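Shown next: final27.cif, containing mmCIF, C-alpha atoms.
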data_data
loop_
_atom_site.label_atom_id
_atom_site.label_comp_id
_atom_site.auth_asym_id
_atom_site.auth_seq_id
_atom_site.Cartn_x
_atom_site.Cartn_y
_atom_site.Cartn_z
CA MET A 1 137.81 65.88 70.54
CA GLU A 2 134.65 64.77 68.82
CA ARG A 3 132.91 61.95 70.54
CA GLN A 4 131.58 58.96 68.69
CA GLY A 5 129.87 56.20 70.65
CA ILE A 6 131.53 53.01 71.84
CA LEU A 7 130.19 49.59 70.96
CA ALA A 8 130.06 47.34 74.01
CA VAL A 9 129.03 43.71 73.80
CA VAL A 10 127.74 42.19 77.02
CA SER A 11 127.38 38.46 77.52
CA GLY A 12 127.24 36.22 80.54
CA PHE A 13 125.83 33.11 82.10
CA SER A 14 122.07 33.03 82.39
CA GLY A 15 121.48 33.77 86.04
CA ALA A 16 124.43 36.17 86.18
CA GLY A 17 122.00 39.08 86.43
CA LYS A 18 122.67 40.69 83.05
CA GLY A 19 119.09 41.88 82.61
CA THR A 20 119.04 43.74 85.93
CA LEU A 21 122.48 45.22 85.28
CA MET A 22 121.44 46.57 81.88
CA LYS A 23 118.19 48.03 83.21
CA GLU A 24 120.07 49.72 86.05
CA LEU A 25 122.81 51.07 83.77
CA LEU A 26 120.27 52.61 81.38
CA ALA A 27 118.26 54.04 84.26
CA ARG A 28 121.30 55.75 85.78
CA TYR A 29 123.01 57.16 82.69
CA ASP A 30 121.49 58.58 79.53
CA ASN A 31 124.46 58.12 77.21
CA TYR A 32 123.62 54.49 76.48
CA ALA A 33 121.47 52.88 73.81
CA LEU A 34 120.52 49.23 73.93
CA SER A 35 120.72 47.63 70.51
CA VAL A 36 117.35 46.46 69.17
CA SER A 37 117.44 43.09 67.43
CA ALA A 38 115.53 42.06 64.34
CA THR A 39 113.49 38.88 64.68
CA THR A 40 111.18 36.71 62.63
CA ARG A 41 109.08 35.71 65.61
CA LYS A 42 105.65 37.29 66.10
CA PRO A 43 105.29 40.19 68.57
CA ARG A 44 103.92 39.21 71.97
CA GLU A 45 101.24 41.19 73.81
CA GLY A 46 102.58 44.64 74.61
CA GLU A 47 105.69 44.42 72.45
CA VAL A 48 106.25 47.37 70.13
CA ASP A 49 108.04 47.19 66.78
CA GLY A 50 111.36 49.03 67.07
CA ARG A 51 111.35 48.91 70.88
CA GLU A 52 111.61 45.27 72.00
CA TYR A 53 112.46 44.07 68.48
CA PHE A 54 112.22 44.97 64.85
CA PHE A 55 109.63 42.42 63.72
CA VAL A 56 110.30 41.27 60.17
CA SER A 57 109.21 38.47 57.84
CA LYS A 58 111.43 35.48 57.08
CA GLU A 59 111.88 36.82 53.54
CA ARG A 60 112.98 40.22 54.82
CA PHE A 61 115.37 38.61 57.33
CA GLN A 62 116.87 36.46 54.58
CA GLN A 63 117.33 39.59 52.49
CA MET A 64 119.07 41.35 55.39
CA ILE A 65 121.48 38.42 55.70
CA GLU A 66 122.26 38.57 51.98
CA GLU A 67 122.72 42.35 52.01
CA GLY A 68 125.17 42.00 54.89
CA SER A 69 123.07 44.38 56.95
CA LEU A 70 123.20 42.19 60.06
CA VAL A 71 126.27 42.29 62.28
CA GLU A 72 125.46 38.81 63.54
CA TYR A 73 122.45 36.53 63.59
CA ALA A 74 121.40 33.20 65.01
CA GLN A 75 118.47 30.81 64.91
CA TYR A 76 116.60 29.63 68.02
CA VAL A 77 113.60 27.34 67.89
CA ASN A 78 112.65 28.09 64.29
CA HIS A 79 113.03 31.85 64.66
CA TYR A 80 115.83 34.11 63.54
CA TYR A 81 117.34 36.86 65.67
CA GLY A 82 119.94 39.33 64.44
CA THR A 83 121.62 42.67 65.09
CA PRO A 84 120.89 45.32 62.42
CA ARG A 85 124.08 47.10 61.50
CA ASP A 86 122.38 50.40 60.60
CA TYR A 87 120.72 50.83 63.98
CA VAL A 88 124.02 50.31 65.78
CA MET A 89 125.92 52.67 63.47
CA GLN A 90 123.29 55.40 63.75
CA LYS A 91 123.27 55.37 67.53
CA MET A 92 127.07 55.41 67.66
CA ALA A 93 127.17 58.33 65.22
CA GLN A 94 124.78 60.16 67.56
CA GLY A 95 127.40 59.72 70.28
CA LYS A 96 125.52 57.00 72.13
CA ASP A 97 127.44 54.12 73.65
CA VAL A 98 125.64 51.13 72.19
CA ILE A 99 125.19 47.98 74.22
CA LEU A 100 124.65 44.68 72.51
CA GLU A 101 123.45 41.92 74.79
CA ILE A 102 124.17 38.71 72.90
CA GLU A 103 125.69 35.26 73.27
CA ILE A 104 129.33 34.37 72.90
CA GLN A 105 129.20 33.11 69.32
CA GLY A 106 127.46 36.29 68.18
CA ALA A 107 129.87 38.41 70.19
CA LEU A 108 132.85 36.87 68.43
CA LYS A 109 131.27 37.72 65.06
CA VAL A 110 130.72 41.31 66.18
CA LYS A 111 134.36 41.55 67.24
CA LYS A 112 135.40 40.50 63.73
CA ARG A 113 133.35 43.25 62.09
CA PHE A 114 134.02 45.85 64.81
CA PRO A 115 137.52 45.15 66.15
CA ASP A 116 137.24 48.14 68.49
CA ALA A 117 134.16 46.75 70.20
CA LEU A 118 134.53 46.19 73.93
CA LEU A 119 133.61 42.66 75.02
CA LEU A 120 132.38 42.26 78.59
CA PHE A 121 131.52 39.00 80.25
CA ILE A 122 129.34 38.98 83.35
CA THR A 123 129.75 36.15 85.79
CA PRO A 124 128.33 35.35 89.21
CA PRO A 125 131.03 34.98 91.89
CA SER A 126 130.93 31.17 91.69
CA ALA A 127 129.24 28.20 90.04
CA LYS A 128 127.45 27.45 93.31
CA GLU A 129 126.08 30.98 93.48
CA LEU A 130 124.80 30.68 89.89
CA CYS A 131 123.12 27.43 90.86
CA ARG A 132 121.54 29.03 93.93
CA ARG A 133 120.18 31.91 91.84
CA LEU A 134 118.60 29.59 89.29
CA VAL A 135 117.08 27.44 92.03
CA GLY A 136 115.95 30.59 93.85
CA ARG A 137 113.87 31.74 90.88
CA GLY A 138 111.70 28.70 91.45
CA THR A 139 110.53 28.69 87.84
CA GLU A 140 112.30 25.58 86.59
CA THR A 141 112.62 21.94 87.56
CA ILE A 142 115.87 20.52 88.92
CA GLU A 143 116.42 18.70 85.64
CA VAL A 144 116.06 21.88 83.58
CA ILE A 145 118.41 23.75 85.93
CA ASN A 146 121.00 20.98 85.77
CA ALA A 147 120.81 20.95 81.97
CA ARG A 148 121.21 24.73 82.00
CA LEU A 149 124.29 24.55 84.25
CA HIS A 150 125.94 21.96 82.08
CA ARG A 151 125.10 23.93 78.94
CA ALA A 152 126.60 27.01 80.59
CA ALA A 153 129.89 25.13 80.93
CA GLU A 154 129.85 24.37 77.21
CA GLU A 155 128.71 27.85 76.24
CA ALA A 156 131.61 29.29 78.16
CA ALA A 157 133.91 28.21 75.32
CA GLY A 158 135.23 31.40 73.81
CA MET A 159 135.00 33.43 77.02
CA GLU A 160 138.75 33.98 76.85
CA ALA A 161 138.21 36.28 73.88
CA TYR A 162 136.35 38.77 76.08
CA ASP A 163 138.26 41.85 77.14
CA TYR A 164 137.00 42.05 80.70
CA LEU A 165 135.33 39.80 83.19
CA LEU A 166 132.92 41.50 85.59
CA ILE A 167 131.84 39.67 88.70
CA ASN A 168 128.28 40.47 89.62
CA ASP A 169 128.43 39.93 93.35
CA GLU A 170 126.72 43.22 94.11
CA ILE A 171 124.54 44.97 91.50
CA ASP A 172 125.40 48.53 92.48
CA ARG A 173 129.17 48.01 92.37
CA CYS A 174 128.97 46.01 89.16
CA VAL A 175 126.88 48.66 87.35
CA GLU A 176 129.35 51.38 88.30
CA GLU A 177 132.28 49.26 87.21
CA MET A 178 130.66 48.54 83.87
CA HIS A 179 129.89 52.23 83.39
CA ARG A 180 133.46 53.29 84.16
CA LEU A 181 134.89 50.62 81.94
CA ILE A 182 132.78 51.66 78.95
CA GLN A 183 133.44 55.37 79.55
CA LEU A 184 137.19 54.84 79.77
CA GLN A 185 137.11 53.14 76.37
CA HIS A 186 136.64 56.62 74.95
CA ARG A 187 140.28 57.16 75.89
CA ARG A 188 141.55 54.36 73.69
CA THR A 189 144.33 55.66 71.45
CA VAL A 190 142.68 54.16 68.40
CA PHE A 191 139.82 56.67 68.73
CA HIS A 192 142.18 59.65 68.77
CA LEU A 193 144.43 59.13 65.80
CA ASP A 194 143.21 62.36 64.16
CA PHE A 195 144.04 64.29 67.30
CA LEU A 196 147.48 62.67 67.45
CA ASN A 197 148.28 63.41 63.83
CA GLN A 198 147.18 67.01 64.17
CA MET A 199 149.25 67.41 67.31
CA ARG A 200 152.29 66.00 65.54
CA GLU A 201 151.86 68.38 62.60
CA GLU A 202 151.51 71.36 64.91
CA LEU A 203 154.57 70.41 66.92
CA LYS A 204 156.67 70.30 63.77
CA THR A 205 155.90 73.89 62.80
CA LEU A 206 155.31 75.56 66.17
CA ASP A 207 157.62 78.39 67.21
CA ALA A 208 157.94 79.15 70.92
CA ARG A 209 158.64 82.78 70.06
CA SER A 210 155.06 83.31 68.89
CA ALA A 211 153.76 81.73 72.10
CA ILE A 212 155.68 84.33 74.10
CA GLU A 213 154.45 87.16 71.93
CA GLU A 214 150.86 85.99 72.32
CA ALA A 215 151.23 85.95 76.10
CA MET B 1 140.44 35.84 93.19
CA GLU B 2 144.09 36.31 94.00
CA ARG B 3 145.46 39.65 93.04
CA GLN B 4 148.76 40.05 91.28
CA GLY B 5 149.91 43.53 90.36
CA ILE B 6 149.43 45.20 86.99
CA LEU B 7 152.34 46.58 84.99
CA ALA B 8 151.54 50.05 83.65
CA VAL B 9 153.91 51.92 81.38
CA VAL B 10 153.49 55.68 81.34
CA SER B 11 155.00 57.88 78.66
CA GLY B 12 154.24 61.33 77.35
CA PHE B 13 155.58 64.53 75.91
CA SER B 14 157.96 66.38 78.15
CA GLY B 15 155.85 69.20 79.52
CA ALA B 16 152.76 66.99 79.67
CA GLY B 17 153.03 66.95 83.45
CA LYS B 18 153.93 63.28 83.92
CA GLY B 19 156.10 63.92 86.94
CA THR B 20 153.36 65.73 88.85
CA LEU B 21 150.79 63.11 87.89
CA MET B 22 152.98 60.27 89.17
CA LYS B 23 153.75 62.05 92.41
CA GLU B 24 150.06 62.75 92.97
CA LEU B 25 149.00 59.18 92.11
CA LEU B 26 151.50 57.70 94.57
CA ALA B 27 150.53 60.19 97.25
CA ARG B 28 146.82 59.33 96.96
CA TYR B 29 146.94 55.55 96.68
CA ASP B 30 149.23 53.07 98.34
CA ASN B 31 148.82 50.18 95.91
CA TYR B 32 151.38 51.56 93.48
CA ALA B 33 155.12 51.08 93.18
CA LEU B 34 157.23 53.18 90.89
CA SER B 35 159.83 51.10 89.10
CA VAL B 36 163.41 51.99 90.04
CA SER B 37 165.84 52.07 87.11
CA ALA B 38 169.42 50.89 87.08
CA THR B 39 171.94 53.43 85.83
CA THR B 40 175.67 53.73 85.27
CA ARG B 41 175.72 57.44 86.10
CA LYS B 42 177.07 58.58 89.48
CA PRO B 43 174.59 59.40 92.27
CA ARG B 44 173.92 63.11 92.74
CA GLU B 45 173.75 64.80 96.13
CA GLY B 46 170.89 63.37 98.14
CA GLU B 47 170.18 60.43 95.84
CA VAL B 48 169.95 57.05 97.54
CA ASP B 49 170.83 53.72 95.94
CA GLY B 50 167.62 51.75 95.43
CA ARG B 51 165.39 54.80 95.78
CA GLU B 52 166.09 57.17 92.88
CA TYR B 53 168.14 54.58 91.02
CA PHE B 54 170.11 51.41 91.43
CA PHE B 55 173.62 52.74 90.85
CA VAL B 56 175.79 50.15 89.10
CA SER B 57 179.11 50.02 87.26
CA LYS B 58 179.33 49.80 83.48
CA GLU B 59 180.58 46.21 83.86
CA ARG B 60 177.61 45.24 86.03
CA PHE B 61 175.19 46.93 83.61
CA GLN B 62 176.74 45.06 80.68
CA GLN B 63 176.34 41.83 82.63
CA MET B 64 172.67 42.62 83.31
CA ILE B 65 172.09 43.14 79.59
CA GLU B 66 173.74 39.80 78.79
CA GLU B 67 171.80 37.95 81.49
CA GLY B 68 168.57 39.37 80.08
CA SER B 69 167.75 40.81 83.48
CA LEU B 70 166.74 44.20 82.05
CA VAL B 71 163.28 44.60 80.54
CA GLU B 72 164.55 47.50 78.44
CA TYR B 73 167.52 49.81 78.46
CA ALA B 74 168.78 52.86 76.64
CA GLN B 75 171.84 55.07 76.50
CA TYR B 76 171.72 58.85 77.08
CA VAL B 77 174.81 61.03 77.03
CA ASN B 78 177.30 58.26 77.79
CA HIS B 79 175.24 56.71 80.56
CA TYR B 80 173.04 53.64 80.53
CA TYR B 81 169.58 53.47 82.04
CA GLY B 82 167.52 50.30 82.27
CA THR B 83 164.58 48.63 83.99
CA PRO B 84 165.55 45.66 86.18
CA ARG B 85 163.19 42.80 85.56
CA ASP B 86 163.49 41.34 89.08
CA TYR B 87 162.39 44.52 90.84
CA VAL B 88 159.30 44.79 88.65
CA MET B 89 158.41 41.11 89.09
CA GLN B 90 158.86 41.23 92.87
CA LYS B 91 156.61 44.24 93.30
CA MET B 92 153.94 42.71 91.06
CA ALA B 93 154.11 39.45 93.01
CA GLN B 94 153.54 41.49 96.18
CA GLY B 95 150.32 42.75 94.58
CA LYS B 96 151.65 46.22 93.79
CA ASP B 97 150.65 47.87 90.53
CA VAL B 98 154.00 48.80 89.09
CA ILE B 99 154.44 51.99 87.12
CA LEU B 100 157.24 52.33 84.64
CA GLU B 101 157.84 55.86 83.45
CA ILE B 102 159.87 55.48 80.25
CA GLU B 103 160.04 56.65 76.65
CA ILE B 104 158.19 55.20 73.70
CA GLN B 105 160.98 52.99 72.37
CA GLY B 106 161.49 51.42 75.79
CA ALA B 107 157.74 51.06 76.25
CA LEU B 108 157.44 49.08 73.04
CA LYS B 109 160.18 46.72 74.25
CA VAL B 110 158.36 46.24 77.55
CA LYS B 111 155.15 45.42 75.68
CA LYS B 112 156.99 42.67 73.81
CA ARG B 113 158.19 41.03 77.00
CA PHE B 114 155.01 41.75 78.98
CA PRO B 115 152.13 41.63 76.48
CA ASP B 116 149.64 42.28 79.30
CA ALA B 117 151.30 45.55 80.28
CA LEU B 118 149.04 48.59 80.04
CA LEU B 119 150.52 51.40 77.93
CA LEU B 120 149.37 54.92 78.79
CA PHE B 121 150.35 58.04 76.93
CA ILE B 122 149.96 61.43 78.59
CA THR B 123 149.41 64.43 76.39
CA PRO B 124 148.66 68.08 77.03
CA PRO B 125 145.39 69.22 75.42
CA SER B 126 147.18 70.79 72.43
CA ALA B 127 150.57 71.52 70.92
CA LYS B 128 150.15 75.20 71.80
CA GLU B 129 149.46 74.35 75.43
CA LEU B 130 152.61 72.19 75.53
CA CYS B 131 154.55 75.11 74.09
CA ARG B 132 153.09 77.49 76.68
CA ARG B 133 154.03 75.14 79.52
CA LEU B 134 157.62 74.80 78.33
CA VAL B 135 157.93 78.57 77.89
CA GLY B 136 156.26 79.11 81.27
CA ARG B 137 158.94 77.10 83.07
CA GLY B 138 161.36 79.82 82.06
CA THR B 139 164.33 77.46 82.33
CA GLU B 140 165.20 77.10 78.65
CA THR B 141 165.95 79.36 75.70
CA ILE B 142 163.54 79.70 72.77
CA GLU B 143 165.93 77.66 70.63
CA VAL B 144 166.04 74.79 73.11
CA ILE B 145 162.25 74.81 73.44
CA ASN B 146 161.76 74.81 69.68
CA ALA B 147 164.19 71.91 69.32
CA ARG B 148 162.29 70.09 72.06
CA LEU B 149 158.93 70.64 70.34
CA HIS B 150 160.24 69.36 67.03
CA ARG B 151 161.84 66.37 68.71
CA ALA B 152 158.52 65.68 70.44
CA ALA B 153 156.90 65.40 67.01
CA GLU B 154 159.48 62.80 65.99
CA GLU B 155 159.37 60.98 69.31
CA ALA B 156 155.63 60.64 68.93
CA ALA B 157 156.25 57.89 66.38
CA GLY B 158 154.91 54.73 67.93
CA MET B 159 152.29 56.47 70.03
CA GLU B 160 149.60 54.50 68.22
CA ALA B 161 150.78 51.36 69.99
CA TYR B 162 149.67 52.79 73.34
CA ASP B 163 146.44 51.46 74.75
CA TYR B 164 145.08 54.71 76.10
CA LEU B 165 145.66 58.39 75.62
CA LEU B 166 145.12 60.56 78.69
CA ILE B 167 144.75 64.29 78.26
CA ASN B 168 146.28 66.18 81.15
CA ASP B 169 144.15 69.30 81.09
CA GLU B 170 143.46 69.15 84.81
CA ILE B 171 145.76 67.25 87.18
CA ASP B 172 143.08 66.09 89.58
CA ARG B 173 140.82 64.64 86.89
CA CYS B 174 143.74 63.06 85.06
CA VAL B 175 145.12 61.35 88.19
CA GLU B 176 141.73 59.85 88.97
CA GLU B 177 141.30 58.67 85.41
CA MET B 178 144.72 57.05 85.42
CA HIS B 179 143.95 55.36 88.73
CA ARG B 180 140.61 53.98 87.51
CA LEU B 181 142.12 52.80 84.28
CA ILE B 182 144.89 50.88 86.01
CA GLN B 183 142.52 49.43 88.62
CA LEU B 184 140.07 48.24 85.97
CA GLN B 185 142.89 46.35 84.27
CA HIS B 186 142.58 43.89 87.12
CA ARG B 187 139.32 42.85 85.48
CA ARG B 188 140.98 41.79 82.23
CA THR B 189 139.89 38.28 81.33
CA VAL B 190 143.49 37.23 80.78
CA PHE B 191 144.15 37.60 84.52
CA HIS B 192 141.26 35.32 85.46
CA LEU B 193 141.75 32.24 83.35
CA ASP B 194 142.17 30.03 86.42
CA PHE B 195 138.90 31.32 87.84
CA LEU B 196 137.18 30.68 84.50
CA ASN B 197 138.50 27.15 84.18
CA GLN B 198 137.52 26.30 87.72
CA MET B 199 134.04 27.72 87.16
CA ARG B 200 133.65 25.66 84.01
CA GLU B 201 134.71 22.47 85.80
CA GLU B 202 132.29 23.11 88.65
CA LEU B 203 129.40 23.82 86.29
CA LYS B 204 129.93 20.50 84.56
CA THR B 205 129.52 18.49 87.74
CA LEU B 206 127.18 20.63 89.81
CA ASP B 207 123.80 19.21 90.80
CA ALA B 208 121.01 21.68 91.65
CA ARG B 209 119.52 19.12 94.03
CA SER B 210 122.43 19.48 96.43
CA ALA B 211 122.04 23.27 96.34
CA ILE B 212 118.45 22.87 97.49
CA GLU B 213 119.40 20.41 100.21
CA GLU B 214 122.07 22.78 101.51
CA ALA B 215 119.54 25.60 101.73
#
Encoded form using structure tokens:
Amino acid sequence: MERQGILAVVSGFSGAGKGTLMKELLARYDNYALSVSATTRKPREGEVDGREYFFVSKERFQQMIEEGSLVEYAQYVNHYYGTPRDYVMQKMAQGKDVILEIEIQGALKVKKRFPDALLLFITPPSAKELCRRLVGRGTETIEVINARLHRAAEEAAGMEAYDYLLINDEIDRCVEEMHRLIQLQHRRTVFHLDFLNQMREELKTLDARSAIEEA
Amino acid sequence: MERQGILAVVSGFSGAGKGTLMKELLARYDNYALSVSATTRKPREGEVDGREYFFVSKERFQQMIEEGSLVEYAQYVNHYYGTPRDYVMQKMAQGKDVILEIEIQGALKVKKRFPDALLLFITPPSAKELCRRLVGRGTETIEVINARLHRAAEEAAGMEAYDYLLINDEIDRCVEEMHRLIQLQHRRTVFHLDFLNQMREELKTLDARSAIEEA
């Protein structure tokens, strides 16, 4: 069977440890490609075009929207961010399993355009644990953390549309589970319809006599 | 998270090695229960009621159909065979992952009543290999085998509705894959809606200050 890549969309609460999970997954296995987003924001020190982001002008981004060449896009703080369709398709055609790390609203748009995409939601084991992790970072004030927690509750709307819920209680176990889950998607019937049809055709015309003679 | 069992329906071409796979899966892991069918045929030597089958009268079987207490049923050569709903539900409630080994038409009925059931189809790597296995058994004439192959092609109608296609090229690998696939179904979002709702409620009311005070 030929092997085309899987598209996996990963979302989760901020503080769920998505970043670490992704880094670990890509470090352990070489069959993954992380999708690179297009953005209208300026590159920061050390960022390379085509690695962290594809840096484009507002005009170019607008054009990409009109051409339909973005799978999804969103605006944050005056800047646009979007997922270029071509990049994703190319990597999948190369047999890479492409991972898209985006928010729920974007994920639901991706699912509409790629119904066979696998949607994974990463959650910490509990709300308290999420709170502890955010506090533990020590980078934000109590007020900011509280606002973040409450926003997380709102953002969670749509979570039910995700295929699987992975609980990140232990990085190592969670990475392996994510890896297995994505790899097993290659077994989905929908990816093997050619094989099935060929098998059916062969069964219709096969003669056991010839099998014996061959043996 | 509480753990209720998964319902997995396994079908496949005769000669695909389903029987061996099931036996091996149950021998390796103790979290599975094979569904026991009800039948109107008489027990054979050595068969025990409630182990190989639940042996019932035609009247009782008819009553079970009318009560809706069979998930699916079918008639072969004057005898009825069906899957008792109660047995399946009990085992799942006990946390067992229940495996139903039935044909495609029955599987599709199960999927209607249990939309969260996992449908697995087992196939040999090719039509020729299936042919070789049937011939290799040496128990049937060429004519019977040919009829079986052609019937397999017809029976394959509906295969597309299965969630996953497992290729039984090597028993050991295939058993492990089946096991992982069923176990990962426990991560399906649909089984964790209570957890998600609780998490959302907690996030709404959580105060990071208390998390710091606790620490």
Can you check which residues of chain B have any atom within 8 Å of chain A? Use all atoms listed in the file and format it as a PyMOL selection string. chain B and resi 126-128+131-132+135+142+145-146+149-150+152-154+156+160-166+177+180-181+184+187-190+192-193+199-209+211-212
Pairwise distance for CA of Gln183 (chain B) and CA of Cys174 (chain A), rounded to one decimal in Å: 14.0 Å
From the list A:Asp97, A:Asp172, A:Glu213, A:Glu103, which residue is nearest Leu7 (chain A) when using all atoms listed in the file? A:Asp97
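Going from CA of Ala8 (chain B) to CA of Tyr81 (chain B) covers 18.4 Å.
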Shell of 12 Å around Ile65 (chain A), all atoms listed in the file, local chain residues under 5 positions omitted, as a list in words: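 Everything that qualifies: Ala38, Lys58, Glu59, Arg60, Leu70, Val71, Glu72, Tyr73, Ala74, Tyr80, Tyr81, Gly82, Thr83, Pro84 and Arg85 of chain A.
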Give me the result of the PyMOL selection byres ((chain A and resi 175) around 12) on this file, residue by residue, as a PyMOL selection string. chain A and resi 17-29+122+166-174+176-182
Measuring between all atoms listed in the file, which one of B:Gly138, B:Arg41, B:Gly106, B:Leu118 shows the shortest distance to Val77 (chain B)?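 For Val77 (chain B), the nearest of the candidates is B:Arg41.
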Between CA of Ile102 (chain B) and CA of Pro115 (chain A) lies a distance of 28.4 Å
